[in-house]
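Coordinates from final-v3.cif are shown below (mmCIF, C-alpha atoms).
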```
data_work
loop_
_atom_site.group_PDB
_atom_site.id
_atom_site.type_symbol
_atom_site.label_atom_id
_atom_site.label_comp_id
_atom_site.auth_asym_id
_atom_site.auth_seq_id
_atom_site.Cartn_x
_atom_site.Cartn_y
_atom_site.Cartn_z
ATOM 1 C CA MET A 1 7.207 -3.452 16.430
ATOM 2 C CA LEU A 2 7.502 -6.081 13.679
ATOM 3 C CA LYS A 3 10.868 -7.404 12.568
ATOM 4 C CA VAL A 4 11.711 -9.976 9.893
ATOM 5 C CA GLU A 5 15.332 -11.069 9.538
ATOM 6 C CA ASN A 6 16.778 -13.341 6.841
ATOM 7 C CA LEU A 7 13.447 -15.093 6.294
ATOM 8 C CA ARG A 8 13.603 -18.053 3.949
ATOM 9 C CA LYS A 9 10.800 -20.460 3.041
ATOM 10 C CA LYS A 10 10.899 -23.317 0.536
ATOM 11 C CA TYR A 11 8.246 -25.661 -0.835
ATOM 12 C CA GLY A 12 10.226 -28.642 -2.030
ATOM 13 C CA HIS A 13 12.826 -27.241 -4.414
ATOM 14 C CA MET A 14 10.898 -24.015 -4.980
ATOM 15 C CA VAL A 15 12.089 -21.021 -2.956
ATOM 16 C CA ALA A 16 9.059 -18.847 -2.147
ATOM 17 C CA VAL A 17 10.833 -16.374 0.137
ATOM 18 C CA ASP A 18 14.568 -15.913 -0.270
ATOM 19 C CA ASP A 19 16.427 -14.368 2.678
ATOM 20 C CA ILE A 20 14.361 -11.197 3.134
ATOM 21 C CA SER A 21 14.641 -8.699 5.975
ATOM 22 C CA PHE A 22 12.522 -5.685 6.872
ATOM 23 C CA GLU A 23 11.199 -3.875 9.929
ATOM 24 C CA VAL A 24 7.846 -2.184 10.482
ATOM 25 C CA LYS A 25 8.040 0.707 12.924
ATOM 26 C CA SER A 26 5.440 1.351 15.588
ATOM 27 C CA GLY A 27 2.451 3.276 14.258
ATOM 28 C CA GLU A 28 3.369 3.183 10.567
ATOM 29 C CA VAL A 29 1.636 1.689 7.533
ATOM 30 C CA PHE A 30 4.127 -0.549 5.740
ATOM 31 C CA GLY A 31 3.264 -1.847 2.291
ATOM 32 C CA LEU A 32 4.246 -5.221 0.872
ATOM 33 C CA LEU A 33 3.973 -5.120 -2.912
ATOM 34 C CA GLY A 34 4.740 -7.550 -5.678
ATOM 35 C CA PRO A 35 3.273 -9.488 -8.600
ATOM 36 C CA ASN A 36 1.522 -12.819 -8.101
ATOM 37 C CA GLY A 37 3.974 -15.453 -6.912
ATOM 38 C CA ALA A 38 6.436 -12.911 -5.515
ATOM 39 C CA GLY A 39 6.220 -14.332 -1.966
ATOM 40 C CA LYS A 40 3.849 -11.868 -0.279
ATOM 41 C CA THR A 41 1.321 -14.431 0.957
ATOM 42 C CA THR A 42 4.008 -16.807 2.221
ATOM 43 C CA THR A 43 5.676 -13.934 4.090
ATOM 44 C CA LEU A 44 2.384 -12.964 5.722
ATOM 45 C CA GLU A 45 1.621 -16.581 6.660
ATOM 46 C CA CYS A 46 5.011 -16.907 8.354
ATOM 47 C CA ILE A 47 4.381 -13.693 10.314
ATOM 48 C CA GLU A 48 0.943 -14.976 11.321
ATOM 49 C CA GLY A 49 2.409 -18.268 12.532
ATOM 50 C CA LEU A 50 0.652 -20.321 9.843
ATOM 51 C CA ARG A 51 3.885 -21.407 8.117
ATOM 52 C CA ARG A 52 7.192 -22.514 9.595
ATOM 53 C CA PRO A 53 10.155 -20.821 7.904
ATOM 54 C CA ASN A 54 13.153 -22.869 6.843
ATOM 55 C CA SER A 55 15.390 -20.226 8.379
ATOM 56 C CA GLY A 56 15.364 -16.692 9.695
ATOM 57 C CA THR A 57 13.630 -15.008 12.625
ATOM 58 C CA ILE A 58 10.368 -13.105 13.053
ATOM 59 C CA SER A 59 9.461 -10.893 16.004
ATOM 60 C CA VAL A 60 5.913 -9.536 16.366
ATOM 61 C CA ALA A 61 5.833 -7.111 19.307
ATOM 62 C CA GLY A 62 8.596 -9.215 20.859
ATOM 63 C CA LEU A 63 6.769 -12.510 20.264
ATOM 64 C CA ASP A 64 7.750 -15.515 18.178
ATOM 65 C CA PRO A 65 4.771 -16.433 15.944
ATOM 66 C CA LEU A 66 5.371 -20.189 16.292
ATOM 67 C CA ARG A 67 6.327 -20.353 19.959
ATOM 68 C CA ASP A 68 3.987 -17.676 21.320
ATOM 69 C CA GLY A 69 0.799 -18.416 19.398
ATOM 70 C CA LYS A 70 -1.633 -17.709 22.246
ATOM 71 C CA GLU A 71 -0.023 -14.399 23.157
ATOM 72 C CA LEU A 72 0.233 -13.478 19.465
ATOM 73 C CA ARG A 73 -3.566 -13.474 19.137
ATOM 74 C CA ARG A 74 -3.692 -10.695 21.728
ATOM 75 C CA VAL A 75 -1.477 -8.311 19.757
ATOM 76 C CA LEU A 76 -2.016 -9.306 16.109
ATOM 77 C CA GLY A 77 -5.148 -8.745 14.038
ATOM 78 C CA VAL A 78 -5.469 -10.228 10.551
ATOM 79 C CA GLN A 79 -7.787 -9.455 7.652
ATOM 80 C CA LEU A 80 -7.274 -12.164 5.078
ATOM 81 C CA GLN A 81 -7.921 -11.759 1.369
ATOM 82 C CA THR A 82 -10.507 -14.540 1.600
ATOM 83 C CA SER A 83 -12.609 -15.304 4.659
ATOM 84 C CA ALA A 84 -13.274 -18.702 6.213
ATOM 85 C CA LEU A 85 -16.610 -17.565 7.661
ATOM 86 C CA PRO A 86 -19.507 -19.914 6.814
ATOM 87 C CA GLU A 87 -21.748 -18.387 4.173
ATOM 88 C CA ASN A 88 -24.858 -18.975 6.311
ATOM 89 C CA MET A 89 -23.425 -17.426 9.481
ATOM 90 C CA LEU A 90 -25.126 -14.204 10.549
ATOM 91 C CA VAL A 91 -22.876 -11.162 10.818
ATOM 92 C CA GLY A 92 -23.857 -10.720 14.477
ATOM 93 C CA GLU A 93 -22.943 -14.349 15.149
ATOM 94 C CA ALA A 94 -19.512 -13.783 13.609
ATOM 95 C CA VAL A 95 -18.896 -10.785 15.880
ATOM 96 C CA SER A 96 -20.043 -12.827 18.915
ATOM 97 C CA LEU A 97 -17.873 -15.800 17.947
ATOM 98 C CA VAL A 98 -14.656 -13.834 17.453
ATOM 99 C CA SER A 99 -15.302 -11.747 20.582
ATOM 100 C CA ALA A 100 -15.752 -14.900 22.689
ATOM 101 C CA TRP A 101 -12.709 -16.588 21.132
ATOM 102 C CA LEU A 102 -10.554 -13.625 22.118
ATOM 103 C CA GLY A 103 -12.129 -13.335 25.567
ATOM 104 C CA MET A 104 -13.767 -9.995 24.789
ATOM 105 C CA ASP A 105 -17.266 -8.670 25.353
ATOM 106 C CA TYR A 106 -19.435 -8.284 22.260
ATOM 107 C CA ARG A 107 -17.897 -5.414 20.278
ATOM 108 C CA GLN A 108 -20.950 -3.262 19.622
ATOM 109 C CA ASP A 109 -18.613 -0.294 19.183
ATOM 110 C CA LEU A 110 -17.068 -1.931 16.117
ATOM 111 C CA VAL A 111 -20.518 -2.778 14.743
ATOM 112 C CA GLU A 112 -21.398 0.905 14.915
ATOM 113 C CA ARG A 113 -18.006 2.173 13.788
ATOM 114 C CA PHE A 114 -18.046 0.166 10.554
ATOM 115 C CA GLY A 115 -21.755 0.586 9.890
ATOM 116 C CA LEU A 116 -22.687 -3.074 10.289
ATOM 117 C CA GLU A 117 -26.053 -2.401 11.979
ATOM 118 C CA SER A 118 -28.068 -2.561 8.760
ATOM 119 C CA PHE A 119 -26.944 -6.109 7.953
ATOM 120 C CA ILE A 120 -26.077 -7.481 11.398
ATOM 121 C CA LYS A 121 -28.843 -10.119 11.062
ATOM 122 C CA LYS A 122 -28.008 -11.024 7.478
ATOM 123 C CA GLU A 123 -26.083 -14.130 6.402
ATOM 124 C CA TYR A 124 -22.475 -13.410 5.532
ATOM 125 C CA GLY A 125 -22.842 -15.029 2.109
ATOM 126 C CA THR A 126 -25.553 -12.560 1.067
ATOM 127 C CA LEU A 127 -23.378 -9.481 1.573
ATOM 128 C CA SER A 128 -21.709 -7.452 -1.153
ATOM 129 C CA THR A 129 -17.913 -7.527 -1.476
ATOM 130 C CA GLY A 130 -17.642 -4.121 0.180
ATOM 131 C CA GLN A 131 -19.842 -5.164 3.103
ATOM 132 C CA LYS A 132 -17.800 -8.331 3.562
ATOM 133 C CA ARG A 133 -14.588 -6.289 3.682
ATOM 134 C CA ARG A 134 -16.076 -4.053 6.379
ATOM 135 C CA VAL A 135 -17.067 -7.109 8.409
ATOM 136 C CA GLN A 136 -13.598 -8.631 8.009
ATOM 137 C CA LEU A 137 -11.879 -5.423 9.085
ATOM 138 C CA ALA A 138 -14.161 -5.115 12.119
ATOM 139 C CA LEU A 139 -13.459 -8.723 13.116
ATOM 140 C CA SER A 140 -9.698 -8.188 12.786
ATOM 141 C CA LEU A 141 -9.971 -5.398 15.374
ATOM 142 C CA VAL A 142 -12.033 -7.252 17.977
ATOM 143 C CA GLY A 143 -8.998 -7.950 20.156
ATOM 144 C CA ASN A 144 -7.678 -4.361 20.029
ATOM 145 C CA PRO A 145 -4.487 -5.486 18.250
ATOM 146 C CA LYS A 146 -1.291 -3.461 18.293
ATOM 147 C CA ILE A 147 -0.405 -4.777 14.839
ATOM 148 C CA LEU A 148 -2.807 -5.321 11.948
ATOM 149 C CA ILE A 149 -2.180 -7.327 8.780
ATOM 150 C CA LEU A 150 -4.360 -6.363 5.817
ATOM 151 C CA ASP A 151 -4.198 -8.622 2.754
ATOM 152 C CA GLU A 152 -5.754 -6.899 -0.283
ATOM 153 C CA PRO A 153 -8.309 -5.074 1.927
ATOM 154 C CA THR A 154 -10.092 -3.297 -0.938
ATOM 155 C CA ALA A 155 -9.945 -5.940 -3.679
ATOM 156 C CA GLY A 156 -13.256 -6.029 -5.532
ATOM 157 C CA VAL A 157 -14.672 -3.053 -3.622
ATOM 158 C CA ASP A 158 -16.370 -0.137 -5.408
ATOM 159 C CA VAL A 159 -15.064 3.439 -5.300
ATOM 160 C CA GLN A 160 -17.180 4.518 -2.326
ATOM 161 C CA GLY A 161 -16.325 1.393 -0.373
ATOM 162 C CA ARG A 162 -12.620 1.880 -1.066
ATOM 163 C CA ALA A 163 -12.775 5.454 0.170
ATOM 164 C CA GLU A 164 -14.490 4.319 3.391
ATOM 165 C CA LEU A 165 -11.918 1.586 4.009
ATOM 166 C CA HIS A 166 -9.021 3.959 3.286
ATOM 167 C CA LYS A 167 -10.474 6.402 5.799
ATOM 168 C CA ALA A 168 -10.696 3.615 8.393
ATOM 169 C CA ILE A 169 -7.065 2.619 7.772
ATOM 170 C CA ARG A 170 -5.892 6.210 8.219
ATOM 171 C CA GLU A 171 -7.879 6.480 11.461
ATOM 172 C CA LEU A 172 -6.261 3.288 12.755
ATOM 173 C CA ARG A 173 -2.809 4.712 12.001
ATOM 174 C CA GLU A 174 -3.719 7.885 13.891
ATOM 175 C CA MET A 175 -4.710 5.671 16.842
ATOM 176 C CA GLY A 176 -1.215 4.170 16.833
ATOM 177 C CA VAL A 177 -2.011 0.801 15.254
ATOM 178 C CA THR A 178 0.900 -0.612 13.248
ATOM 179 C CA ILE A 179 -0.296 -1.862 9.850
ATOM 180 C CA LEU A 180 1.267 -4.261 7.361
ATOM 181 C CA LEU A 181 -0.586 -3.821 4.069
ATOM 182 C CA ALA A 182 -0.277 -6.256 1.161
ATOM 183 C CA THR A 183 -1.816 -4.871 -2.011
ATOM 184 C CA HIS A 184 -1.712 -4.951 -5.815
ATOM 185 C CA ASP A 185 -3.164 -1.444 -5.939
ATOM 186 C CA MET A 186 -0.288 0.980 -6.493
ATOM 187 C CA ALA A 187 -2.449 4.072 -5.962
ATOM 188 C CA GLU A 188 -3.601 2.614 -2.659
ATOM 189 C CA ALA A 189 -0.035 1.934 -1.557
ATOM 190 C CA GLU A 190 1.133 5.386 -2.626
ATOM 191 C CA SER A 191 -1.717 7.022 -0.716
ATOM 192 C CA LEU A 192 -1.620 4.988 2.510
ATOM 193 C CA CYS A 193 1.905 3.685 3.076
ATOM 194 C CA ASP A 194 4.625 5.441 5.041
ATOM 195 C CA ARG A 195 7.161 2.966 3.642
ATOM 196 C CA LEU A 196 6.961 -0.063 1.389
ATOM 197 C CA ALA A 197 8.928 -2.987 0.027
ATOM 198 C CA ILE A 198 8.588 -4.541 -3.414
ATOM 199 C CA LEU A 199 9.047 -8.306 -3.620
ATOM 200 C CA LEU A 200 10.125 -10.057 -6.808
ATOM 201 C CA ARG A 201 10.762 -13.797 -7.015
ATOM 202 C CA GLY A 202 11.018 -14.069 -3.243
ATOM 203 C CA LYS A 203 13.480 -11.201 -2.773
ATOM 204 C CA ILE A 204 13.055 -7.591 -1.689
ATOM 205 C CA VAL A 205 14.305 -5.547 -4.643
ATOM 206 C CA THR A 206 13.587 -2.088 -3.235
ATOM 207 C CA LEU A 207 12.477 -0.575 0.074
ATOM 208 C CA GLY A 208 11.720 2.978 1.164
ATOM 209 C CA THR A 209 9.036 5.638 1.214
ATOM 210 C CA PRO A 210 6.811 5.813 -1.878
ATOM 211 C CA GLU A 211 8.686 8.972 -2.866
ATOM 212 C CA GLN A 212 12.105 7.313 -2.452
ATOM 213 C CA VAL A 213 11.077 4.228 -4.409
ATOM 214 C CA THR A 214 9.607 6.307 -7.225
ATOM 215 C CA ALA A 215 12.562 8.699 -7.391
ATOM 216 C CA ALA A 216 15.015 5.819 -7.770
ATOM 217 C CA GLY A 217 13.586 4.882 -11.153
ATOM 218 C CA SER A 218 14.617 5.988 -14.606
ATOM 219 C CA SER A 219 11.221 7.527 -15.421
ATOM 220 C CA GLN A 220 11.309 11.277 -15.897
ATOM 221 C CA THR A 221 9.172 14.005 -14.391
ATOM 222 C CA LYS A 222 6.733 15.746 -16.719
ATOM 223 C CA VAL A 223 6.565 19.550 -16.617
ATOM 224 C CA THR A 224 3.665 21.237 -18.411
ATOM 225 C CA ILE A 225 3.894 25.008 -18.784
ATOM 226 C CA ARG A 226 1.959 27.720 -20.600
ATOM 227 C CA THR A 227 3.255 31.235 -21.091
ATOM 228 C CA ARG A 228 1.620 34.342 -22.515
ATOM 229 C CA LYS A 229 3.981 34.606 -25.521
ATOM 230 C CA GLY A 230 4.647 30.877 -25.958
ATOM 231 C CA SER A 231 8.392 31.247 -25.511
ATOM 232 C CA LEU A 232 8.793 27.716 -24.138
ATOM 233 C CA THR A 233 7.156 25.815 -27.024
ATOM 234 C CA ARG A 234 10.538 24.854 -28.470
ATOM 235 C CA GLN A 235 13.818 23.450 -27.127
ATOM 236 C CA GLY A 236 15.677 26.753 -27.574
ATOM 237 C CA LYS A 237 18.188 27.501 -24.812
ATOM 238 C CA VAL A 238 16.867 24.932 -22.345
ATOM 239 C CA GLU A 239 19.480 22.300 -21.420
ATOM 240 C CA LEU A 240 18.088 20.547 -18.336
ATOM 241 C CA ALA A 241 14.761 19.455 -19.821
ATOM 242 C CA ARG A 242 13.639 17.853 -23.091
ATOM 243 C CA PHE A 243 10.857 19.491 -25.102
ATOM 244 C CA VAL A 244 8.300 16.908 -26.257
ATOM 245 C CA ARG A 245 5.359 18.691 -27.826
ATOM 246 C CA GLU A 246 2.999 21.650 -27.670
ATOM 247 C CA THR A 247 -0.774 21.263 -27.413
ATOM 248 C CA GLU A 248 -3.241 24.131 -27.199
ATOM 249 C CA GLY A 249 -0.606 26.514 -25.920
ATOM 250 C CA PHE A 250 0.809 24.115 -23.318
ATOM 251 C CA ALA A 251 4.456 23.091 -23.680
ATOM 252 C CA HIS A 252 5.274 19.583 -22.429
ATOM 253 C CA TRP A 253 8.770 18.910 -21.100
ATOM 254 C CA PHE A 254 10.468 15.905 -19.480
ATOM 255 C CA CYS A 255 13.336 16.170 -17.013
ATOM 256 C CA GLN A 256 15.351 14.225 -14.449
ATOM 257 C CA ASP A 257 16.277 16.996 -11.994
ATOM 258 C CA THR A 258 12.887 18.646 -11.520
ATOM 259 C CA ALA A 259 13.896 21.635 -9.412
ATOM 260 C CA ALA A 260 16.808 22.632 -11.637
ATOM 261 C CA ALA A 261 14.788 22.171 -14.828
ATOM 262 C CA VAL A 262 11.848 24.252 -13.608
ATOM 263 C CA MET A 263 14.189 27.044 -12.503
ATOM 264 C CA GLU A 264 15.832 27.023 -15.926
ATOM 265 C CA LEU A 265 12.482 27.116 -17.731
ATOM 266 C CA LEU A 266 11.348 30.080 -15.631
ATOM 267 C CA ALA A 267 14.642 31.871 -16.241
ATOM 268 C CA VAL A 268 14.307 31.394 -20.008
ATOM 269 C CA ALA A 269 10.759 32.749 -19.911
ATOM 270 C CA MET A 270 11.984 35.820 -18.011
ATOM 271 C CA GLU A 271 14.778 36.385 -20.554
ATOM 272 C CA GLU A 272 12.142 36.392 -23.274
ATOM 273 C CA ASP A 273 10.082 38.917 -21.293
ATOM 274 C CA ASP A 274 7.352 36.281 -21.077
ATOM 275 C CA THR A 275 4.842 35.570 -18.306
ATOM 276 C CA VAL A 276 4.017 32.115 -16.954
ATOM 277 C CA GLU A 277 0.258 31.531 -16.867
ATOM 278 C CA ASP A 278 0.144 27.882 -15.831
ATOM 279 C CA LEU A 279 2.728 25.418 -14.472
ATOM 280 C CA ARG A 280 2.162 21.773 -13.582
ATOM 281 C CA VAL A 281 4.651 19.155 -12.387
ATOM 282 C CA GLU A 282 3.791 15.449 -12.567
ATOM 283 C CA ARG A 283 6.312 13.104 -11.027
ATOM 284 C CA PRO A 284 6.420 9.435 -12.101
ATOM 285 C CA SER A 285 3.836 7.306 -10.321
ATOM 286 C CA LEU A 286 4.551 4.344 -8.066
ATOM 287 C CA GLU A 287 2.771 2.172 -10.623
ATOM 288 C CA GLU A 288 5.242 3.226 -13.323
ATOM 289 C CA ARG A 289 8.158 2.445 -11.005
ATOM 290 C CA PHE A 290 6.601 -0.900 -10.040
ATOM 291 C CA LEU A 291 6.238 -1.904 -13.703
ATOM 292 C CA GLU A 292 9.792 -0.786 -14.393
ATOM 293 C CA ILE A 293 11.070 -3.072 -11.613
ATOM 294 C CA VAL A 294 8.909 -6.055 -12.539
ATOM 295 C CA GLU A 295 9.635 -5.835 -16.254
ATOM 296 C CA GLY A 296 13.322 -5.220 -15.617
ATOM 297 C CA GLY A 297 13.516 -8.098 -13.153
ATOM 298 C CA THR A 298 15.625 -6.225 -10.602
ATOM 299 C CA ASN A 299 16.178 -2.988 -8.731
ATOM 300 C CA GLN A 300 17.338 -0.156 -10.965
#
```
Would you kindly transcribe this structure into structure tokens?
Amino acid sequence: MLKVENLRKKYGHMVAVDDISFEVKSGEVFGLLGPNGAGKTTTLECIEGLRRPNSGTISVAGLDPLRDGKELRRVLGVQLQTSALPENMLVGEAVSLVSAWLGMDYRQDLVERFGLESFIKKEYGTLSTGQKRRVQLALSLVGNPKILILDEPTAGVDVQGRAELHKAIRELREMGVTILLATHDMAEAESLCDRLAILLRGKIVTLGTPEQVTAAGSSQTKVTIRTRKGSLTRQGKVELARFVRETEGFAHWFCQDTAAAVMELLAVAMEEDDTVEDLRVERPSLEERFLEIVEGGTNQ
């Protein structure tokens, strides 16, 4: 649905995007992650047809963003991190303007779907950050796009607003909309994305599902276990996990091969005629893997 091949973009001598390639499949949420200055915004602007790459090709539903600009507007919806809407424009006027620009009737269904009725006659500049995000998302969907680009869609939004926007994104995926999501929020990416790529200094350093990306790191899985007799509160016979500490009857272990380590821990407990009362497994988070990549400067 969306394909980027060998994309390269320079500003003078500075290389913002350095020969990256990735493909977003139809109906999936694909995350684009990276620290500030990694090349995310430049990549999105090239996909949107706002920047001309120095080299490489981009296909958006079979269209070239630079050559097929008019047709691109029919298939691509964009929610930018910052909006160009005039602060004194009424929300209803914004919906009317974008609807007319795309040759659509007034999208009352989107007004109702995103709960804009209560501030439809308010000036855009008077809205809260969360309300503005809802307006921006609604406007990006006016043309019934096949592909949607979301740039930091929940930045500055409170917990309730984030939950509402996440629900809307999941509903769009269920409707078959292909979504390219750029975010700094690792929990958001881990929750919403089917696959993701991490950019660092203009290059893609890792790509895969959140689980694949996380598993490729050096961080270890934490296993917390409590038994009736406390037989696992010391290293003892266990070889596939490392005992860290015991707190209030809970033994904390770290391991690389989770399945094998848990099986060994359970086997040791059985040998000691002990009973497991509580068992918790916490795999490394995407945020931990992201920091490992950024601080290490490369893929591990």
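Interatomic distance, CA of Leu137 (chain A) to CA of Glu174 (chain A): 16.3 Å.
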Within 10 Å of region 266-273 of chain A, counting all atoms listed in the file, which residues show up once you throw out same-chain ones fewer than 5 positions away? Write them as a PDB file with C-alpha atoms, in the frame of the given file, please.
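Heads up, here's the output in around09.pdb:
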```
ATOM      1  CA  ILE A 225       3.894  25.008 -18.784  1.00  0.00           C
ATOM      2  CA  THR A 227       3.255  31.235 -21.091  1.00  0.00           C
ATOM      3  CA  ARG A 228       1.620  34.342 -22.515  1.00  0.00           C
ATOM      4  CA  LYS A 229       3.981  34.606 -25.521  1.00  0.00           C
ATOM      5  CA  GLY A 230       4.647  30.877 -25.958  1.00  0.00           C
ATOM      6  CA  SER A 231       8.392  31.247 -25.511  1.00  0.00           C
ATOM      7  CA  LEU A 232       8.793  27.716 -24.138  1.00  0.00           C
ATOM      8  CA  GLY A 236      15.677  26.753 -27.574  1.00  0.00           C
ATOM      9  CA  LYS A 237      18.188  27.501 -24.812  1.00  0.00           C
ATOM     10  CA  VAL A 238      16.867  24.932 -22.345  1.00  0.00           C
ATOM     11  CA  ALA A 261      14.788  22.171 -14.828  1.00  0.00           C
ATOM     12  CA  LEU A 279       2.728  25.418 -14.472  1.00  0.00           C
TER      13      LEU A 279
END
```
Practice task
Any chance you could resolve the PyMOL selection byres ((chain A and resi 282-287) around 7) against this file and give the residues as a list in words?
Solution key: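 This file, filtered by the PyMOL selection byres ((chain A and resi 282-287) around 7), leaves Met186, Glu190, Pro210, Thr214, Ser219, Gln220, Thr221, Lys222, Val223, Arg280, Val281, Glu288, Arg289, Phe290 and Leu291 of chain A.
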Practice task
Between A:Ser218, A:Ser140, A:Ser99, A:Asn88, single out the one closest to Gly125 (chain A), counting all atoms listed in the file.
Solution key: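 Closest to Gly125 (chain A) of all the choices is A:Asn88.
Here the PyMOL selection byres ((chain A and resi 192) around 8) captures the residues Val29, His166, Ile169, Arg170, Glu188, Ala189, Glu190, Ser191, Cys193 and Asp194 of chain A.
Atom to atom, CA of Arg52 (chain A) and CA of Leu2 (chain A) stand 16.9 Å apart.
Taking CA of Thr247 (chain A) as the reference point, CA of Val262 (chain A) is found at 18.9 Å.
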Handout entry: Nearest to Glu93 (chain A) by atom-to-atom distance, counting all atoms listed in the file, from A:Val78, A:Val111, A:Leu44, A:Leu200
Key =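 Between A:Val78, A:Val111, A:Leu44, A:Leu200, the residue approaching Glu93 (chain A) most closely is A:Val111.
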Exercise for the section: Can you work out which one of A:Leu97, A:Leu127, A:Ala61, A:Leu139 has the shortest atom-to-atom distance to Gly77 (chain A), counting only C-alpha atoms? Expected result: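 For Gly77 (chain A), the nearest of the given residues is A:Leu139.
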Per-residue nearest contacts region 122-221 of chain A to region 8-19 of chain A, cut-off 8 Å, using all atoms listed in the file, as a Markdown table:
```
| residue | atom | partner | partner_atom | distance |
| --- | --- | --- | --- | --- |
| A:Arg201 | CA | A:Ala16 | CA | 7.2 |
| A:Gly202 | CA | A:Val17 | CA | 4.1 |
| A:Lys203 | CA | A:Asp18 | CA | 5.4 |
```
Practice task
Rank nothing, just name the residue among A:Val135, A:Val294, A:Val142, A:Val177 nearest to Ser83 (chain A), using all atoms listed in the file.
Solution key: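 Of A:Val135, A:Val294, A:Val142, A:Val177, the one nearest Ser83 (chain A) is A:Val135, counting all atoms listed in the file.
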Handout entry: Ground truth for the PyMOL selection byres ((chain A and resi 206) around 12), written as number ranges by chain
Key = A: 20-22, 31-34, 195-200, 203-205, 207-210, 212-217, 289-290, 292-294, 297-300
Practice task
Name the residues in contact with Val91 (chain A) at a cut-off of 9 Å, using all atoms listed in the file, excluding same-chain residues fewer than 2 positions from it; report them as a list in words.
Solution key: Met89, Glu93, Ala94, Val95, Ser96, Leu116, Phe119, Ile120, Lys121, Lys122, Glu123, Tyr124 and Val135 of chain A
Export C-alpha atoms of the chosen residues as a compact mmCIF listing (two decimals), keeping the file's coordinate frame?
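So the final result, stored in again_31.txt, reads:
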```txt
# COMPACT_ATOMS: atom_id res chain seq x y z
CA MET A 89 -23.42 -17.43 9.48
CA GLU A 93 -22.94 -14.35 15.15
CA ALA A 94 -19.51 -13.78 13.61
CA VAL A 95 -18.90 -10.78 15.88
CA SER A 96 -20.04 -12.83 18.92
CA LEU A 116 -22.69 -3.07 10.29
CA PHE A 119 -26.94 -6.11 7.95
CA ILE A 120 -26.08 -7.48 11.40
CA LYS A 121 -28.84 -10.12 11.06
CA LYS A 122 -28.01 -11.02 7.48
CA GLU A 123 -26.08 -14.13 6.40
CA TYR A 124 -22.48 -13.41 5.53
CA VAL A 135 -17.07 -7.11 8.41
```
Handout entry: Pick from A:Lys3, A:Arg107, A:His252, A:Arg245 nearest to Leu141 (chain A), counting all atoms listed in the file
Key = A:Arg107
